[in-house]
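Asker: You'll find target12.txt just under this line, and it carries compact mmCIF, C-alpha atoms.
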```
# COMPACT_ATOMS: atom_id res chain seq x y z
CA MET E 1 38.37 -3.71 25.55
CA GLY E 2 35.15 -2.44 24.01
CA GLY E 3 36.96 -0.92 21.03
CA VAL E 4 38.83 -4.18 20.42
CA THR E 5 35.59 -6.17 20.56
CA SER E 6 33.91 -3.76 18.15
CA SER E 7 36.73 -3.92 15.60
CA MET E 8 36.86 -7.71 15.85
CA ALA E 9 33.12 -7.95 15.29
CA ALA E 10 33.38 -5.67 12.27
CA ARG E 11 36.23 -7.75 10.86
CA PHE E 12 34.32 -11.01 11.11
CA ALA E 13 30.98 -9.47 10.04
CA PHE E 14 32.03 -8.98 6.41
CA PHE E 15 33.10 -11.65 3.94
CA PRO E 16 33.23 -10.09 0.46
CA PRO E 17 33.72 -12.66 -2.33
CA ASN E 18 37.35 -12.76 -3.38
CA PRO E 19 37.78 -12.42 -6.28
CA PRO E 20 34.56 -10.53 -7.11
CA SER E 21 32.00 -12.48 -9.14
CA TYR E 22 31.78 -9.76 -11.83
CA LYS E 23 33.78 -7.08 -13.61
CA LEU E 24 32.67 -3.67 -14.81
CA VAL E 25 33.04 -3.01 -18.54
CA TYR E 26 32.52 0.34 -20.26
CA ASP E 27 30.88 0.13 -23.69
CA SER E 28 32.05 3.13 -25.71
CA VAL E 29 29.45 2.52 -28.43
CA THR E 30 26.40 2.69 -26.16
CA ASP E 31 28.14 4.82 -23.50
CA LEU E 32 26.93 2.35 -20.88
CA LEU E 33 28.55 0.64 -17.91
CA LEU E 34 28.03 -3.12 -18.14
CA MET E 35 28.45 -5.95 -15.69
CA SER E 36 30.46 -8.84 -17.16
CA PRO E 37 29.80 -11.73 -17.76
CA PHE E 38 26.08 -10.88 -17.84
CA PRO E 39 24.48 -9.88 -21.14
CA HIS E 40 23.13 -6.35 -21.47
CA ARG E 41 19.44 -5.97 -20.60
CA GLU E 42 17.42 -2.93 -21.64
CA ASN E 43 15.77 -2.69 -18.22
CA VAL E 44 18.96 -3.08 -16.15
CA GLU E 45 21.17 -0.06 -15.51
CA VAL E 46 24.61 -0.34 -13.91
CA MET E 47 26.21 2.69 -12.28
CA LYS E 48 28.73 3.99 -9.74
CA LEU E 49 27.74 6.22 -6.83
CA LYS E 50 29.82 8.47 -4.59
CA THR E 51 29.18 8.19 -0.83
CA ARG E 52 29.56 10.87 1.86
CA ARG E 53 32.56 8.93 3.24
CA GLY E 54 34.47 9.24 -0.05
CA THR E 55 34.06 5.71 -1.41
CA GLU E 56 32.58 4.80 -4.79
CA ILE E 57 30.09 1.94 -4.83
CA VAL E 58 28.61 -0.12 -7.68
CA ALA E 59 24.82 -0.28 -7.99
CA MET E 60 22.29 -1.80 -10.36
CA TYR E 61 18.74 -0.68 -11.10
CA VAL E 62 16.25 -3.23 -12.49
CA ARG E 63 13.13 -1.53 -13.82
CA ASN E 64 9.68 -3.04 -14.32
CA PRO E 65 7.12 -1.03 -16.37
CA MET E 66 4.28 -2.48 -14.24
CA ALA E 67 5.84 -1.43 -10.92
CA SER E 68 4.37 0.99 -8.42
CA SER E 69 6.94 0.25 -5.69
CA THR E 70 10.74 0.25 -5.64
CA LEU E 71 12.68 -2.31 -3.59
CA LEU E 72 15.96 -1.01 -2.13
CA TYR E 73 17.88 -4.23 -1.47
CA SER E 74 20.82 -4.57 0.97
CA HIS E 75 22.34 -8.04 0.47
CA GLY E 76 24.08 -10.37 2.92
CA ASN E 77 27.68 -10.19 4.08
CA ALA E 78 29.09 -12.99 1.92
CA ALA E 79 27.66 -12.02 -1.50
CA ASP E 80 28.07 -9.35 -4.16
CA LEU E 81 25.93 -8.06 -7.03
CA GLY E 82 27.25 -10.67 -9.46
CA GLN E 83 26.03 -13.54 -7.28
CA MET E 84 22.66 -11.86 -6.76
CA TYR E 85 22.16 -10.60 -10.33
CA GLU E 86 19.77 -13.29 -11.62
CA LEU E 87 17.77 -13.33 -8.38
CA PHE E 88 17.26 -9.57 -8.61
CA VAL E 89 16.02 -9.80 -12.19
CA GLN E 90 13.58 -12.58 -11.29
CA LEU E 91 12.30 -10.79 -8.19
CA SER E 92 11.60 -7.68 -10.24
CA ILE E 93 9.56 -9.74 -12.71
CA HIS E 94 7.58 -11.88 -10.24
CA LEU E 95 6.94 -9.17 -7.65
CA ARG E 96 6.29 -6.44 -10.25
CA VAL E 97 8.64 -3.98 -8.57
CA ASN E 98 11.61 -1.88 -9.51
CA LEU E 99 14.66 -3.22 -7.70
CA PHE E 100 17.70 -1.14 -6.75
CA ALA E 101 20.67 -3.00 -5.25
CA TYR E 102 24.21 -1.94 -4.37
CA ASP E 103 27.51 -3.42 -3.25
CA TYR E 104 28.90 -2.26 0.10
CA SER E 105 32.23 -0.46 0.19
CA GLY E 106 34.95 -3.09 -0.34
CA TYR E 107 32.53 -5.52 -2.06
CA GLY E 108 32.66 -6.41 -5.77
CA GLU E 109 34.03 -3.45 -7.74
CA SER E 110 33.20 -0.92 -5.00
CA SER E 111 36.16 0.97 -3.53
CA GLY E 112 37.08 1.28 0.15
CA LYS E 113 36.78 -1.21 3.00
CA PRO E 114 33.64 -2.70 4.55
CA SER E 115 32.61 -1.31 7.93
CA GLU E 116 29.43 -0.51 9.84
CA GLN E 117 29.66 3.23 9.19
CA ASN E 118 30.51 2.70 5.53
CA THR E 119 27.40 0.56 5.01
CA TYR E 120 25.29 3.40 6.45
CA ALA E 121 26.85 5.81 3.95
CA ASP E 122 26.40 3.26 1.15
CA ILE E 123 22.64 2.86 1.61
CA GLU E 124 22.24 6.64 1.97
CA ALA E 125 23.91 7.10 -1.44
CA ALA E 126 21.55 4.53 -2.97
CA TYR E 127 18.49 6.20 -1.42
CA LYS E 128 19.68 9.64 -2.54
CA TYR E 129 20.02 8.40 -6.12
CA LEU E 130 16.44 7.06 -6.12
CA GLN E 131 15.06 10.34 -4.81
CA GLU E 132 17.12 12.83 -6.82
CA ASN E 133 17.83 11.00 -10.08
CA SER E 134 14.85 8.67 -10.46
CA ARG E 135 12.31 10.88 -8.63
CA VAL E 136 11.08 7.97 -6.50
CA LYS E 137 9.02 9.14 -3.53
CA GLU E 138 9.80 7.95 -0.01
CA GLU E 139 6.32 6.44 0.36
CA ASP E 140 6.91 4.25 -2.75
CA ILE E 141 10.10 2.65 -1.38
CA ILE E 142 10.30 -0.75 0.33
CA LEU E 143 13.59 -1.39 2.15
CA TYR E 144 14.88 -4.97 2.03
CA GLY E 145 17.67 -6.05 4.38
CA GLN E 146 19.17 -9.53 4.29
CA SER E 147 21.36 -10.77 7.15
CA VAL E 148 23.95 -8.07 7.83
CA GLY E 149 21.98 -5.93 5.39
CA SER E 150 19.31 -5.60 8.08
CA GLY E 151 21.76 -3.21 9.82
CA PRO E 152 21.90 -0.42 7.21
CA THR E 153 18.24 -1.08 6.35
CA LEU E 154 16.96 -0.36 9.87
CA ASP E 155 19.39 2.51 10.37
CA LEU E 156 17.91 4.27 7.32
CA ALA E 157 14.32 3.23 8.12
CA ALA E 158 14.53 4.78 11.59
CA ARG E 159 15.01 8.18 9.90
CA LEU E 160 12.31 7.83 7.20
CA PRO E 161 8.77 8.02 8.65
CA ARG E 162 6.88 7.68 5.34
CA LEU E 163 8.41 4.47 3.97
CA ARG E 164 5.98 2.04 2.35
CA ALA E 165 7.36 -1.02 4.16
CA ILE E 166 10.43 -2.98 5.32
CA ILE E 167 11.48 -6.57 4.63
CA LEU E 168 14.01 -8.16 6.99
CA HIS E 169 15.50 -11.41 5.73
CA SER E 170 17.13 -13.47 8.51
CA PRO E 171 17.86 -10.30 10.52
CA ILE E 172 20.10 -9.84 13.53
CA LEU E 173 19.31 -8.15 16.85
CA SER E 174 22.87 -6.76 16.94
CA GLY E 175 26.37 -7.85 16.05
CA LEU E 176 27.32 -8.76 19.61
CA ARG E 177 24.10 -10.71 20.20
CA VAL E 178 24.99 -13.00 17.31
CA MET E 179 28.13 -14.03 19.18
CA TYR E 180 27.03 -13.87 22.82
CA PRO E 181 23.63 -14.12 24.57
CA VAL E 182 23.86 -10.64 26.09
CA LYS E 183 20.74 -9.02 27.54
CA ARG E 184 21.71 -5.36 27.12
CA THR E 185 23.12 -3.16 24.37
CA TYR E 186 26.72 -2.03 24.86
CA TRP E 187 28.15 1.12 23.35
CA PHE E 188 30.74 -0.82 21.34
CA ASP E 189 28.13 -3.12 19.75
CA ILE E 190 27.48 -2.85 15.99
CA TYR E 191 24.16 -2.80 14.10
CA LYS E 192 21.95 -2.17 17.13
CA ASN E 193 18.78 -3.28 15.35
CA ILE E 194 17.03 -4.17 18.61
CA ASP E 195 16.96 -0.45 19.49
CA LYS E 196 16.32 0.96 16.01
CA ILE E 197 13.30 -1.25 15.25
CA LEU E 198 11.39 0.74 17.88
CA LEU E 199 11.76 3.86 15.71
CA VAL E 200 10.23 2.26 12.63
CA SER E 201 6.59 3.15 11.96
CA CYS E 202 5.89 1.37 8.65
CA PRO E 203 4.76 -2.28 8.14
CA VAL E 204 7.51 -4.87 8.71
CA LEU E 205 7.76 -8.37 7.28
CA VAL E 206 10.19 -10.90 8.81
CA ILE E 207 11.35 -14.07 7.04
CA HIS E 208 13.44 -16.70 8.81
CA VAL E 209 13.60 -20.37 9.73
CA SER E 210 10.77 -22.07 11.63
CA ILE E 211 10.30 -21.03 15.27
CA ARG E 212 10.25 -24.63 16.47
CA TYR E 213 13.97 -24.77 15.78
CA PHE E 214 14.77 -21.95 18.20
CA SER E 215 17.54 -22.95 20.62
CA LEU E 216 17.25 -21.31 24.02
CA SER E 217 19.73 -21.37 26.84
CA SER E 218 18.76 -21.90 30.49
CA SER E 219 18.70 -18.12 30.94
CA GLY E 220 16.00 -17.80 28.29
CA GLU E 221 18.19 -15.94 25.81
CA ASN E 222 19.17 -17.35 22.44
CA SER E 223 22.21 -19.57 22.75
CA ALA E 224 25.29 -18.43 20.90
CA PRO E 225 25.37 -19.81 17.37
CA GLU E 226 28.63 -20.53 15.63
CA PRO E 227 31.07 -17.74 16.43
CA LEU E 228 31.35 -14.56 14.45
CA LEU E 229 30.30 -16.30 11.26
CA ALA E 230 26.78 -15.65 12.53
CA LEU E 231 26.75 -12.46 10.54
CA THR E 232 27.47 -14.26 7.31
CA SER E 233 23.99 -14.17 5.75
CA ALA E 234 20.99 -11.97 5.68
CA VAL E 235 18.36 -12.00 8.35
CA PHE E 236 15.24 -11.39 6.40
CA LEU E 237 13.13 -9.30 8.75
CA PHE E 238 10.61 -8.91 6.08
CA SER E 239 7.87 -7.08 7.90
CA LEU E 240 6.68 -10.54 7.14
CA THR E 241 8.76 -12.71 9.45
CA ASN E 242 10.38 -15.32 7.26
CA GLN E 243 13.27 -17.28 8.66
CA GLY E 244 14.52 -20.79 8.04
CA THR E 245 13.95 -23.58 10.53
CA SER E 246 17.60 -24.58 10.68
CA ASP E 247 19.61 -21.35 10.44
CA GLU E 248 23.16 -22.36 11.25
CA VAL E 249 24.41 -18.76 11.19
CA VAL E 250 21.82 -16.50 12.88
CA ASP E 251 19.45 -18.03 15.40
CA CYS E 252 15.85 -17.46 14.36
CA SER E 253 15.10 -16.02 17.81
CA HIS E 254 16.65 -12.82 16.39
CA GLY E 255 13.92 -12.55 13.78
CA LYS E 256 11.21 -13.50 16.27
CA ARG E 257 12.27 -10.83 18.76
CA LEU E 258 12.53 -8.11 16.12
CA TRP E 259 9.05 -9.01 14.86
CA GLU E 260 7.67 -8.78 18.40
CA LEU E 261 9.13 -5.27 18.75
CA CYS E 262 7.62 -3.99 15.49
CA LYS E 263 4.92 -1.32 15.71
CA GLU E 264 3.27 -2.47 12.49
CA LYS E 265 3.52 -6.26 12.37
CA TYR E 266 2.74 -8.28 9.29
CA GLU E 267 2.21 -12.03 9.21
CA PRO E 268 5.71 -13.55 9.48
CA LEU E 269 6.97 -16.39 7.30
CA TRP E 270 8.80 -19.14 9.18
CA LEU E 271 10.20 -21.62 6.65
CA THR E 272 10.46 -25.18 7.90
CA GLY E 273 13.72 -26.83 6.86
CA GLY E 274 15.16 -23.60 5.49
CA ARG E 275 18.70 -22.47 6.15
CA HIS E 276 20.34 -19.08 6.36
CA CYS E 277 21.28 -18.77 2.67
CA ASP E 278 18.56 -20.68 0.82
CA LEU E 279 15.20 -19.19 1.87
CA GLU E 280 14.64 -17.58 -1.54
CA HIS E 281 14.53 -21.04 -3.16
CA TYR E 282 11.29 -21.96 -1.38
CA PRO E 283 7.99 -21.39 -3.30
CA GLU E 284 6.48 -19.91 -0.13
CA TYR E 285 9.10 -17.15 -0.24
CA THR E 286 7.92 -15.61 -3.50
CA LYS E 287 4.26 -16.26 -2.71
CA HIS E 288 4.46 -14.48 0.64
CA LEU E 289 6.42 -11.57 -0.80
CA LYS E 290 3.74 -11.09 -3.48
CA LYS E 291 1.03 -11.07 -0.83
CA PHE E 292 2.90 -8.60 1.34
CA ILE E 293 3.67 -6.17 -1.48
CA ALA E 294 0.08 -6.34 -2.75
CA THR E 295 -1.09 -5.47 0.77
CA VAL E 296 1.16 -2.46 1.33
CA GLU E 297 0.36 -1.09 -2.14
CA ARG E 298 -3.33 -0.81 -1.27
CA PRO E 299 -4.83 2.56 -0.27
CA PRO E 300 -4.04 3.55 3.35
CA SER E 301 -7.69 3.10 4.41
CA HIS E 302 -7.39 -0.66 3.86
CA LEU E 303 -3.97 -1.25 5.41
CA MET E 304 -4.77 -1.37 9.12
CA ILE E 305 -7.59 -3.85 8.62
CA THR E 306 -5.36 -6.06 6.48
CA TYR E 307 -2.46 -6.04 8.96
CA ARG E 308 -4.75 -6.84 11.88
CA LYS E 309 -6.42 -9.64 9.97
CA SER E 310 -3.09 -11.18 8.98
CA ILE E 311 -2.00 -11.38 12.63
CA ASP E 312 -5.12 -12.33 14.55
CA GLN E 313 -8.53 -13.01 13.00
CA PRO E 314 -10.54 -13.13 16.27
CA GLU E 315 -9.12 -9.78 17.41
CA GLN E 316 -9.99 -8.35 14.01
CA ARG E 317 -13.64 -9.32 14.36
CA LYS E 318 -13.74 -7.88 17.88
CA SER E 319 -12.10 -4.62 16.84
CA MET E 320 -14.43 -4.30 13.88
CA ASP E 321 -17.42 -4.74 16.20
CA VAL E 322 -16.10 -1.96 18.41
CA VAL E 323 -15.61 0.28 15.38
CA ARG E 324 -19.12 -0.55 14.18
CA GLU E 325 -20.63 0.29 17.60
CA SER E 326 -18.71 3.56 17.82
CA THR E 327 -19.84 4.42 14.31
CA ASP E 328 -23.46 3.77 15.27
CA ARG E 329 -23.10 6.05 18.26
CA LYS E 330 -21.62 8.74 16.09
CA GLN E 331 -24.48 8.43 13.63
CA LYS E 332 -27.21 8.93 16.24
CA PRO E 333 -26.58 12.68 16.70
CA LYS E 334 -26.64 12.98 12.95
CA ALA E 335 -30.14 11.52 12.89
CA SER E 336 -31.24 13.90 15.68
CA ASN E 337 -29.86 16.84 13.75
CA GLU E 338 -32.04 15.94 10.82
CA LYS E 339 -35.27 15.97 12.88
CA PRO E 340 -35.74 19.77 12.97
CA GLU E 341 -35.44 19.79 9.22
CA LYS E 342 -38.39 17.43 8.75
CA PRO E 343 -41.18 19.94 9.68
CA LYS E 344 -39.59 22.41 7.31
CA ASN E 345 -39.59 19.92 4.50
CA HIS E 346 -43.10 18.75 5.48
CA SER E 347 -44.59 22.26 5.50
CA GLY E 348 -42.94 22.93 2.20
CA ASN E 349 -44.62 19.86 0.75
CA LEU E 350 -48.00 20.93 2.18
CA GLU E 351 -47.63 24.33 0.57
CA LYS E 352 -46.91 22.71 -2.75
CA VAL E 353 -49.95 20.43 -2.40
CA GLU E 354 -52.15 23.39 -1.43
CA ARG E 355 -50.95 25.39 -4.43
CA LEU E 356 -51.69 22.48 -6.72
CA ARG E 357 -55.15 22.03 -5.18
CA LEU E 358 -56.02 25.70 -5.71
CA SER E 359 -54.70 25.52 -9.23
CA PHE E 360 -56.91 22.51 -9.99
CA LYS E 361 -59.86 24.28 -8.37
CA ARG E 362 -59.38 27.35 -10.54
CA THR E 363 -59.06 25.16 -13.60
CA GLU E 364 -62.30 23.37 -12.70
CA ARG E 365 -64.14 26.68 -12.26
CA THR E 366 -62.88 27.89 -15.58
CA ARG E 367 -63.97 24.66 -17.23
CA ARG E 368 -67.40 24.93 -15.65
CA SER E 369 -67.78 28.57 -16.72
CA VAL E 370 -66.79 27.60 -20.24
CA ASP E 371 -69.35 24.77 -20.21
CA SER E 372 -72.01 27.12 -18.82
CA HIS E 373 -71.22 29.66 -21.51
CA GLY E 374 -71.50 26.94 -24.10
CA LYS E 375 -74.93 25.90 -22.78
CA SER E 376 -76.19 29.54 -22.75
CA ARG E 377 -75.03 30.00 -26.30
CA LYS E 378 -76.90 26.85 -27.34
CA ILE E 379 -80.12 28.09 -25.72
CA VAL E 380 -79.82 31.42 -27.52
CA ASP E 381 -79.24 29.63 -30.81
CA GLN E 382 -82.34 27.52 -30.21
CA GLN E 383 -84.42 30.63 -29.43
CA LEU E 384 -83.17 32.35 -32.58
CA GLU E 385 -83.97 29.26 -34.58
CA ARG E 386 -87.54 29.23 -33.24
CA GLY E 387 -87.91 32.92 -34.01
CA ARG E 388 -86.62 32.41 -37.54
CA ASN E 389 -89.10 29.56 -38.06
CA SER E 390 -92.00 31.70 -36.81
CA PHE E 391 -91.04 34.44 -39.31
CA ASP E 392 -91.01 31.85 -42.10
CA ARG E 393 -94.54 30.75 -41.24
CA LEU E 394 -95.73 34.36 -41.16
CA ASP E 395 -94.28 35.02 -44.62
CA ARG E 396 -95.95 31.95 -46.04
CA ALA E 397 -99.27 33.09 -44.55
CA ARG E 398 -98.93 36.51 -46.20
CA ILE E 399 -98.19 34.97 -49.58
CA ASN E 400 -101.15 32.60 -49.47
CA GLN E 401 -103.71 35.24 -48.31
CA PRO E 402 -104.03 37.24 -51.67
CA GLU E 403 -104.51 34.03 -53.57
CA ARG E 404 -107.55 33.17 -51.49
CA GLN E 405 -109.11 36.65 -52.23
CA LEU E 406 -108.73 36.24 -55.98
```
Could you quickly redo this structure as structure tokens?

Answerer:
Amino acid sequence: MGGVTSSMAARFAFFPPNPPSYKLVYDSVTDLLLMSPFPHRENVEVMKLKTRRGTEIVAMYVRNPMASSTLLYSHGNAADLGQMYELFVQLSIHLRVNLFAYDYSGYGESSGKPSEQNTYADIEAAYKYLQENSRVKEEDIILYGQSVGSGPTLDLAARLPRLRAIILHSPILSGLRVMYPVKRTYWFDIYKNIDKILLVSCPVLVIHVSIRYFSLSSSGENSAPEPLLALTSAVFLFSLTNQGTSDEVVDCSHGKRLWELCKEKYEPLWLTGGRHCDLEHYPEYTKHLKKFIATVERPPSHLMITYRKSIDQPEQRKSMDVVRESTDRKQKPKASNEKPEKPKNHSGNLEKVERLRLSFKRTERTRRSVDSHGKSRKIVDQQLERGRNSFDRLDRARINQPERQL
């Protein structure tokens, strides 16, 4: 029974556009793979990637020269790269990020069939390309999972401890919980996000519809939305909780619960009046994404304060007071350690002053001795002058004496 339920859930979880919204064209002149009908852009690269399960998936890489982060985007279950192409280009421009997106196996021009395990292999191939071919570091990657894309996003995130952040767009708790208000996780369930979110250590942003539109059953669990179509769009668990207020596919209680279970919560975005597939059309969507990305791109020393402040301002002030008090206590021993050094510095200063005083004293004595020598020399000169004058008078007396005799 469990296996049947699991295969049924997987069948109704994926709705690839048929026919695909794009075609791959090889340009022999430029030796590039292009996505028709979209014009070639210098900053957009289209490629095919091999997965560990043997399928070949289509991916696109939108580069921004101003970017310091790379967004790895897993789209919803009823879209392909062609339908998301223009949105990806605009997000790269407005958010100043590189954006790497891929089609799941069986979507667009990707080979194979869509399944839970295939989506895990698909996102691993995308991540491997970023690391090995583009040399993107793990700590510079932000994972973005929309609707069913929250499944492969959290599966990968649970194994990467140094990720910069995660964005969950209209996320799901699990495949079975979309269909039935179950309170436990069964082995045959798919996309067990409710368990994997506990293994994520980076900041998480959740985006969904407004909380005031949550529909709860008498048991307190979310009431079952429309049958298996619930997996049709992305649940944007955007480390910043953003979900529409009237999500007809995935109840917004999924996003709320995932946000509550996050270790590193960021201010969620609950969009009033939004629906499952139109949240990106709201101005608040881009504005909040910009704010979130700017926050996680700051140095690590500023992150914890920012996350706390975004959730609860009063608690932030209280925690900062505690940190300030603990810092003051830590600084007291430092002040006491400096006390023994003061006498040493003080005695050193006294020695310097004493040396200067003796130096001035010696200089004064020398000056006085010089002055005394000068005075003695003057007295001697005066005595010599008087002697010389007396000899002059004696000479004149000798000269005048013979004249008187004659």

Asker: List every protein, DNA or RNA residue with an atom no more than 12 Å from (33.9, 1.7, 6.0) in the file's coordinates, counting only C-alpha atoms, and format the result as number ranges by chain.

Answerer: E: 7, 10-11, 14, 51-57, 104-107, 110-122

Asker: Using all atoms listed in the file, can you tell me which of E:Thr185, E:Ser36, E:Asn133, E:Ser69 comes closest to Ile293 in chain E?

Answerer: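 Comparing E:Thr185, E:Ser36, E:Asn133, E:Ser69 against Ile293 in chain E, the winner is E:Ser69.
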
Asker: Kindly give the distance, in Å, that separates CA of Val296 in chain E and CA of Arg164 in chain E, rounded to a single decimal.

Answerer: 6.7 Å

Asker: Can you find the residues with an atom no farther than 12 Å from (17.4, -9.1, -11.9), counting only C-alpha atoms, and report them as JSON, numbers by chain?

Answerer: {"E": [38, 39, 40, 41, 42, 43, 44, 45, 46, 60, 61, 62, 63, 64, 71, 73, 81, 82, 83, 84, 85, 86, 87, 88, 89, 90, 91, 92, 93, 94, 95, 96, 97, 98, 99, 100, 101]}

Asker: Tell me which of E:Met179, E:Leu49, E:Ile207, E:Ala79 sits closest to Ser21 in chain E, counting all atoms listed in the file.

Answerer: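 Of all the options, E:Ala79 lies closest to Ser21 in chain E.
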
Asker: Determine the nearest neighbour of Ser174 in chain E from the options E:Arg257, E:His75, E:Lys137, E:His208, counting all atoms listed in the file.

Answerer: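 Under the stated criterion, the closest residue is E:Arg257.
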
Asker: So how far away is CA of Thr272 in chain E from CA of Leu168 in chain E, in Å?

Answerer: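 The value is 17.4 Å.
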
Asker: Mind pulling up the distance from CA of Cys262 in chain E to CA of Glu124 in chain E?

Answerer: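 Going from CA of Glu124 in chain E over to CA of Cys262 in chain E covers 22.6 Å.
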
Asker: For Pro161 in chain E, which residue among E:Asp251, E:Glu138, E:Glu264, E:Asp27 is the nearest when counting all atoms listed in the file?

Answerer: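 Of all the options, E:Glu138 lies closest to Pro161 in chain E.
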
Asker: Taking into account all atoms listed in the file, which residue in the set E:Lys265, E:Lys128, E:His288, E:Lys196 is nearest to Ile172 in chain E?

Answerer: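 So, comparing all the options, the nearest one is E:Lys196.
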
Asker: Name the closest residue to Pro19 in chain E among the candidates E:Gly108, E:Ala126, E:Leu156, E:Ile142; distances are taken between atoms, counting only C-alpha atoms.

Answerer: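 Between E:Gly108, E:Ala126, E:Leu156, E:Ile142, the residue approaching Pro19 in chain E most closely is E:Gly108.
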
Asker: Might you pull out every residue within 7 Å of Gly149 in chain E, with all atoms listed in the file counted and same-chain residues fewer than 2 positions away left off, and present them as a JSON list (two decimals) with C-alpha atoms, in the coordinates of the input?

Answerer:
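Result file is part_26.json:
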```json
[["chain", "number", "residue", "atom", "x", "y", "z"],
["E", 74, "SER", "CA", 20.82, -4.57, 0.97],
["E", 75, "HIS", "CA", 22.34, -8.04, 0.47],
["E", 76, "GLY", "CA", 24.08, -10.37, 2.92],
["E", 145, "GLY", "CA", 17.67, -6.05, 4.38],
["E", 146, "GLN", "CA", 19.17, -9.53, 4.29],
["E", 147, "SER", "CA", 21.36, -10.77, 7.15],
["E", 151, "GLY", "CA", 21.76, -3.21, 9.82],
["E", 152, "PRO", "CA", 21.90, -0.42, 7.21],
["E", 153, "THR", "CA", 18.24, -1.08, 6.35],
["E", 234, "ALA", "CA", 20.99, -11.97, 5.68]]
```
